[in-house]
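S.K.: The structure's right below; bear with me while I get my questions together.
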Amino acid sequence: MKKGKVKILFTIPNFNTAGSGKALINVISRLDKNIFEPSICCRHDRGDLFKSAKELNVPIYITDFTVATKPRIRGASNIYKLSGIFRKIKPDIIHSYNYSDDYSEALAAKISGIKWIYTKKNMSWGSNAWKMRTFLADAVIPQNEEMLEIFFKGLNKCRLIPIGINLKEFEHIERNEDILARYNLTTSAPVILTVANIIPIKGIDFLIRGFELASEDLPEAKLLIVGEDRNEYANELKKKVKEMNIGNKIVFTGKQSDIKDFFSIADMFILSSMKAGEGGPISVLEAMASGVLSYGSDVPGIRDQFRDFQDQLFESENPGSIANKILKAFSMDADERKKRIEIQRQFIEKNYSIENELSELPKLYLEVVKGKLQINS
């Protein structure tokens, strides 16, 4: 038996966005380095969080970790070359944070004799590639209960380990006056916030229409949309907002590096994802941990996060349902609001802290390599 630390190579496309990149950084920074030896493989060194990844002081390999599998003969050659890259790195486990249905990474790992696991981060399942990816995996980490039931029912190699957040980052956040001034929110009340890249699945168009309905009774309200907005869909929404004559009530901030500043000035948080659902959206967890009264679509992934707050869910793709929740939130008395916010925080601490995640992940890693490595005590 080989003695030494368990070498884990984490693969992730990039560190462009805060969600998965931040989650991975949280994991690596807290892994017991007496037992585990982590490294990272990503496609490029750009992105707001790449500097934070470098500060982890672990090896980072800048290279592709997936390859084209078609045409088949060329695909086989590509996979063999990729396996050579993995053999040079020599991890015991590759843990994939790749969101796609690619299975070339898993095949290359198998050829190299490396254990391969992946975190299922979304509710996509349309192609046979997902089934192949799952078949090849030594373990799968789904992010919500419905994934287990719909995709992995009866599959013993699955372990539900939701991504956790660092609660300390969101304690005692001071109200950011600069944000209020920058977006002309000083006299706005209430400020409603969503944090999501502006793509169709996030349901921002339904949120905008729901906000428009609610704003008839909340004339000083403003909706703050924080997320990547440099795409055709976002441009169409901005055009629609102008046509609706509510451009002075809705603010598109674009992608932002420090979301805590925006939570500090929000009176309400909404995630309006469409019926396809989510894996386990981190923005909801951060909003609750920040002390912001939070609401979400009644869809997979978000349902898990609101399982103790059923009346804070609304029907997906229904502007009227969104408007009703907004109005109910601001008809709530101060004591009830304070109570709900505190219960939200307690719920996140109990179920979605990074400590919870790190109590389960190492167990899984050691189970995966059982019989291959003798862990030094």
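Naming works like this for the structure tokens: A, B, ... for the chains as they're shown, residue 1 at the start of each chain, ligands 1 onward in shown order.
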Find the residues near segment 100-106 of chain A: any atom within 7 Å, counting only C-alpha atoms, skip ones fewer than 2 places away on the same chain, and give them as a list in words.
M.R.: Phe65, Thr66, Val67, Thr69, Ile79, Asn98, Ala108, Ala109, Lys110, Trp116, Ala129, Trp130, Met132, Arg133, Leu136 and Ala137 of chain A
S.K.: Could those residues be written to a file, using C-alpha atoms, as a compact mmCIF listing (two decimals), in the first residue's frame?
M.R.:
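Output below, filename part.txt:
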```txt
# COMPACT_ATOMS: atom_id res chain seq x y z
CA PHE A 65 -9.25 19.04 -18.69
CA THR A 66 -11.88 18.04 -21.26
CA VAL A 67 -11.51 17.13 -24.94
CA THR A 69 -14.89 12.95 -28.21
CA ILE A 79 -8.72 11.21 -24.43
CA ASN A 98 -17.39 21.23 -14.28
CA ALA A 108 -9.19 9.98 -19.22
CA ALA A 109 -9.14 9.54 -15.45
CA LYS A 110 -10.19 5.88 -15.77
CA TRP A 116 -13.06 10.42 -10.49
CA ALA A 129 -23.78 12.03 -21.76
CA TRP A 130 -24.99 12.66 -18.19
CA MET A 132 -22.23 8.11 -19.14
CA ARG A 133 -20.65 10.68 -16.81
CA LEU A 136 -17.92 6.38 -15.04
CA ALA A 137 -17.88 8.26 -11.73
```
S.K.: Please report as JSON lines every residue of segment 140-208 of chain A lying within 12 Å of segment 293-306 of chain A, along with the nearest atom pair and their distance in Å (one decimal), using only C-alpha atoms.
M.R.:
```
{"residue": "A:Pro142", "atom": "CA", "partner": "A:Gly301", "partner_atom": "CA", "distance": 10.2}
{"residue": "A:Gln143", "atom": "CA", "partner": "A:Gly301", "partner_atom": "CA", "distance": 7.4}
{"residue": "A:Asn144", "atom": "CA", "partner": "A:Gly301", "partner_atom": "CA", "distance": 5.5}
{"residue": "A:Glu145", "atom": "CA", "partner": "A:Asp304", "partner_atom": "CA", "distance": 7.0}
{"residue": "A:Glu146", "atom": "CA", "partner": "A:Pro300", "partner_atom": "CA", "distance": 6.2}
{"residue": "A:Met147", "atom": "CA", "partner": "A:Pro300", "partner_atom": "CA", "distance": 8.0}
{"residue": "A:Leu148", "atom": "CA", "partner": "A:Pro300", "partner_atom": "CA", "distance": 11.1}
{"residue": "A:Glu149", "atom": "CA", "partner": "A:Pro300", "partner_atom": "CA", "distance": 11.0}
{"residue": "A:Ile150", "atom": "CA", "partner": "A:Pro300", "partner_atom": "CA", "distance": 10.4}
{"residue": "A:Leu160", "atom": "CA", "partner": "A:Asp304", "partner_atom": "CA", "distance": 11.8}
{"residue": "A:Pro162", "atom": "CA", "partner": "A:Asp304", "partner_atom": "CA", "distance": 9.9}
{"residue": "A:Ile163", "atom": "CA", "partner": "A:Gln305", "partner_atom": "CA", "distance": 11.4}
{"residue": "A:Gly164", "atom": "CA", "partner": "A:Gln305", "partner_atom": "CA", "distance": 11.7}
{"residue": "A:Pro190", "atom": "CA", "partner": "A:Leu293", "partner_atom": "CA", "distance": 11.8}
{"residue": "A:Val191", "atom": "CA", "partner": "A:Leu293", "partner_atom": "CA", "distance": 11.4}
{"residue": "A:Ile192", "atom": "CA", "partner": "A:Ser294", "partner_atom": "CA", "distance": 9.8}
{"residue": "A:Leu193", "atom": "CA", "partner": "A:Ser294", "partner_atom": "CA", "distance": 9.4}
{"residue": "A:Thr194", "atom": "CA", "partner": "A:Ser294", "partner_atom": "CA", "distance": 9.8}
{"residue": "A:Val195", "atom": "CA", "partner": "A:Ser294", "partner_atom": "CA", "distance": 11.7}
{"residue": "A:Ile201", "atom": "CA", "partner": "A:Val299", "partner_atom": "CA", "distance": 11.5}
{"residue": "A:Lys202", "atom": "CA", "partner": "A:Ser297", "partner_atom": "CA", "distance": 9.8}
{"residue": "A:Gly203", "atom": "CA", "partner": "A:Ser297", "partner_atom": "CA", "distance": 9.3}
{"residue": "A:Ile204", "atom": "CA", "partner": "A:Ser297", "partner_atom": "CA", "distance": 11.4}
{"residue": "A:Phe206", "atom": "CA", "partner": "A:Ser297", "partner_atom": "CA", "distance": 10.7}
{"residue": "A:Leu207", "atom": "CA", "partner": "A:Ser297", "partner_atom": "CA", "distance": 10.2}
```
S.K.: Once DSSP has gone over the backbone, tell me which residues of segment 23-252 of chain A are in strand (DSSP E or B), as a PyMOL selection string.
M.R.: chain A and resi 36-42+60-62+93-96+115-120+139-142+158+165+191-195+222-226+250-252
S.K.: Select from segment 21-63 of chain A everything DSSP, run on the backbone, classes as helix (DSSP H, G or I), then give the selection as a ChimeraX atom specification.
M.R.: /A:21-30,50-54
S.K.: With N, CA and C atoms retained, could you export that selection as an mmCIF file, in the first residue's frame?
M.R.:
```cif
data_model
loop_
_atom_site.group_PDB
_atom_site.id
_atom_site.type_symbol
_atom_site.label_atom_id
_atom_site.label_comp_id
_atom_site.auth_asym_id
_atom_site.auth_seq_id
_atom_site.Cartn_x
_atom_site.Cartn_y
_atom_site.Cartn_z
ATOM 1 N N GLY A 21 -16.556 29.009 -8.055
ATOM 2 C CA GLY A 21 -15.175 29.354 -7.732
ATOM 3 C C GLY A 21 -14.983 29.631 -6.258
ATOM 4 N N LYS A 22 -15.892 30.401 -5.689
ATOM 5 C CA LYS A 22 -15.804 30.714 -4.267
ATOM 6 C C LYS A 22 -16.022 29.473 -3.423
ATOM 7 N N ALA A 23 -16.963 28.631 -3.834
ATOM 8 C CA ALA A 23 -17.230 27.388 -3.108
ATOM 9 C C ALA A 23 -15.992 26.495 -3.088
ATOM 10 N N LEU A 24 -15.310 26.397 -4.232
ATOM 11 C CA LEU A 24 -14.107 25.574 -4.301
ATOM 12 C C LEU A 24 -12.995 26.141 -3.426
ATOM 13 N N ILE A 25 -12.816 27.448 -3.463
ATOM 14 C CA ILE A 25 -11.795 28.089 -2.623
ATOM 15 C C ILE A 25 -12.080 27.827 -1.147
ATOM 16 N N ASN A 26 -13.348 27.911 -0.756
ATOM 17 C CA ASN A 26 -13.727 27.628 0.626
ATOM 18 C C ASN A 26 -13.346 26.204 1.028
ATOM 19 N N VAL A 27 -13.556 25.253 0.132
ATOM 20 C CA VAL A 27 -13.240 23.858 0.428
ATOM 21 C C VAL A 27 -11.739 23.655 0.569
ATOM 22 N N ILE A 28 -10.984 24.106 -0.433
ATOM 23 C CA ILE A 28 -9.542 23.867 -0.421
ATOM 24 C C ILE A 28 -8.876 24.536 0.777
ATOM 25 N N SER A 29 -9.314 25.734 1.122
ATOM 26 C CA SER A 29 -8.683 26.456 2.230
ATOM 27 C C SER A 29 -8.898 25.764 3.572
ATOM 28 N N ARG A 30 -9.911 24.898 3.657
ATOM 29 C CA ARG A 30 -10.237 24.253 4.931
ATOM 30 C C ARG A 30 -9.926 22.766 4.986
ATOM 31 N N PHE A 50 -9.465 34.438 -9.405
ATOM 32 C CA PHE A 50 -8.244 33.674 -9.638
ATOM 33 C C PHE A 50 -7.133 34.086 -8.668
ATOM 34 N N LYS A 51 -7.078 35.363 -8.325
ATOM 35 C CA LYS A 51 -6.084 35.823 -7.352
ATOM 36 C C LYS A 51 -6.278 35.118 -6.014
ATOM 37 N N SER A 52 -7.534 34.970 -5.612
ATOM 38 C CA SER A 52 -7.823 34.260 -4.360
ATOM 39 C C SER A 52 -7.404 32.800 -4.454
ATOM 40 N N ALA A 53 -7.602 32.206 -5.627
ATOM 41 C CA ALA A 53 -7.171 30.820 -5.823
ATOM 42 C C ALA A 53 -5.656 30.696 -5.692
ATOM 43 N N LYS A 54 -4.913 31.654 -6.250
ATOM 44 C CA LYS A 54 -3.453 31.631 -6.144
ATOM 45 C C LYS A 54 -2.989 31.752 -4.700
#
```
S.K.: Can you tell me which residues surround segment 339-345 of chain A at a distance of at most 7 Å, considering only C-alpha atoms, apart from same-chain residues fewer than 5 positions away, and format the answer as a list in words?
M.R.: Met288, Ala289, Gly291, Val292 and Leu293 of chain A
S.K.: Could you pull the residues within 12 Å of Phe170 of chain A, counting only C-alpha atoms, minus those fewer than 5 positions along the same chain, as a ChimeraX atom specification?
M.R.: /A:165,258-264,283,285-292,345,348-349,353
S.K.: For the selection you just gave me, I'd like the residues written to a file as a PDB file, in the first residue's frame, keeping N, CA and C atoms.
M.R.:
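So the final result, stored in selection_7.pdb, reads:
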```
ATOM      1  N   ILE A 165     -21.410  27.775   2.868  1.00  0.00           N
ATOM      2  CA  ILE A 165     -20.827  29.118   2.812  1.00  0.00           C
ATOM      3  C   ILE A 165     -20.130  29.440   4.126  1.00  0.00           C
ATOM      4  N   ASP A 258     -17.991  42.094  -5.067  1.00  0.00           N
ATOM      5  CA  ASP A 258     -18.285  41.922  -3.639  1.00  0.00           C
ATOM      6  C   ASP A 258     -19.787  42.073  -3.417  1.00  0.00           C
ATOM      7  N   ILE A 259     -20.465  40.947  -3.349  1.00  0.00           N
ATOM      8  CA  ILE A 259     -21.917  40.950  -3.234  1.00  0.00           C
ATOM      9  C   ILE A 259     -22.372  41.379  -1.838  1.00  0.00           C
ATOM     10  N   LYS A 260     -21.520  41.221  -0.850  1.00  0.00           N
ATOM     11  CA  LYS A 260     -21.901  41.592   0.525  1.00  0.00           C
ATOM     12  C   LYS A 260     -22.367  43.041   0.611  1.00  0.00           C
ATOM     13  N   ASP A 261     -21.747  43.915  -0.147  1.00  0.00           N
ATOM     14  CA  ASP A 261     -22.134  45.329  -0.142  1.00  0.00           C
ATOM     15  C   ASP A 261     -23.596  45.510  -0.553  1.00  0.00           C
ATOM     16  N   PHE A 262     -24.047  44.681  -1.467  1.00  0.00           N
ATOM     17  CA  PHE A 262     -25.418  44.793  -1.958  1.00  0.00           C
ATOM     18  C   PHE A 262     -26.411  44.184  -0.968  1.00  0.00           C
ATOM     19  N   PHE A 263     -26.025  43.098  -0.324  1.00  0.00           N
ATOM     20  CA  PHE A 263     -26.885  42.555   0.729  1.00  0.00           C
ATOM     21  C   PHE A 263     -27.083  43.578   1.849  1.00  0.00           C
ATOM     22  N   SER A 264     -26.070  44.388   2.092  1.00  0.00           N
ATOM     23  CA  SER A 264     -26.124  45.335   3.226  1.00  0.00           C
ATOM     24  C   SER A 264     -27.198  46.400   3.062  1.00  0.00           C
ATOM     25  N   SER A 283     -26.470  32.243  -3.859  1.00  0.00           N
ATOM     26  CA  SER A 283     -26.946  33.597  -3.557  1.00  0.00           C
ATOM     27  C   SER A 283     -28.042  33.586  -2.499  1.00  0.00           C
ATOM     28  N   LEU A 285     -28.363  31.408  -0.037  1.00  0.00           N
ATOM     29  CA  LEU A 285     -27.711  31.134   1.246  1.00  0.00           C
ATOM     30  C   LEU A 285     -27.039  32.391   1.794  1.00  0.00           C
ATOM     31  N   GLU A 286     -26.364  33.115   0.908  1.00  0.00           N
ATOM     32  CA  GLU A 286     -25.659  34.327   1.336  1.00  0.00           C
ATOM     33  C   GLU A 286     -26.630  35.415   1.763  1.00  0.00           C
ATOM     34  N   ALA A 287     -27.746  35.520   1.051  1.00  0.00           N
ATOM     35  CA  ALA A 287     -28.750  36.523   1.419  1.00  0.00           C
ATOM     36  C   ALA A 287     -29.315  36.229   2.804  1.00  0.00           C
ATOM     37  N   MET A 288     -29.680  34.979   3.060  1.00  0.00           N
ATOM     38  CA  MET A 288     -30.208  34.611   4.364  1.00  0.00           C
ATOM     39  C   MET A 288     -29.165  34.837   5.459  1.00  0.00           C
ATOM     40  N   ALA A 289     -27.928  34.444   5.182  1.00  0.00           N
ATOM     41  CA  ALA A 289     -26.861  34.621   6.174  1.00  0.00           C
ATOM     42  C   ALA A 289     -26.588  36.088   6.456  1.00  0.00           C
ATOM     43  N   SER A 290     -26.883  36.949   5.482  1.00  0.00           N
ATOM     44  CA  SER A 290     -26.648  38.391   5.640  1.00  0.00           C
ATOM     45  C   SER A 290     -27.771  39.100   6.379  1.00  0.00           C
ATOM     46  N   GLY A 291     -28.838  38.378   6.674  1.00  0.00           N
ATOM     47  CA  GLY A 291     -29.950  38.995   7.381  1.00  0.00           C
ATOM     48  C   GLY A 291     -30.941  39.693   6.477  1.00  0.00           C
ATOM     49  N   VAL A 292     -31.082  39.188   5.244  1.00  0.00           N
ATOM     50  CA  VAL A 292     -32.037  39.762   4.297  1.00  0.00           C
ATOM     51  C   VAL A 292     -33.228  38.807   4.162  1.00  0.00           C
ATOM     52  N   ARG A 345     -31.193  32.749   9.464  1.00  0.00           N
ATOM     53  CA  ARG A 345     -29.773  32.634   9.809  1.00  0.00           C
ATOM     54  C   ARG A 345     -29.486  31.312  10.500  1.00  0.00           C
ATOM     55  N   ILE A 348     -29.479  28.423   7.989  1.00  0.00           N
ATOM     56  CA  ILE A 348     -28.251  28.353   7.188  1.00  0.00           C
ATOM     57  C   ILE A 348     -27.107  27.795   8.018  1.00  0.00           C
ATOM     58  N   GLU A 349     -26.987  28.247   9.246  1.00  0.00           N
ATOM     59  CA  GLU A 349     -25.913  27.766  10.122  1.00  0.00           C
ATOM     60  C   GLU A 349     -26.015  26.258  10.339  1.00  0.00           C
ATOM     61  N   SER A 353     -23.592  25.583   6.257  1.00  0.00           N
ATOM     62  CA  SER A 353     -22.307  26.207   6.585  1.00  0.00           C
ATOM     63  C   SER A 353     -21.182  25.424   5.911  1.00  0.00           C
TER      64      SER A 353
END
```
S.K.: What lies within 10 Å of Cys41 of chain A using only C-alpha atoms, ignoring chain neighbours under 2 positions off, as a ChimeraX atom specification?
M.R.: /A:9-14,39,43-44,59-65,89,94,96
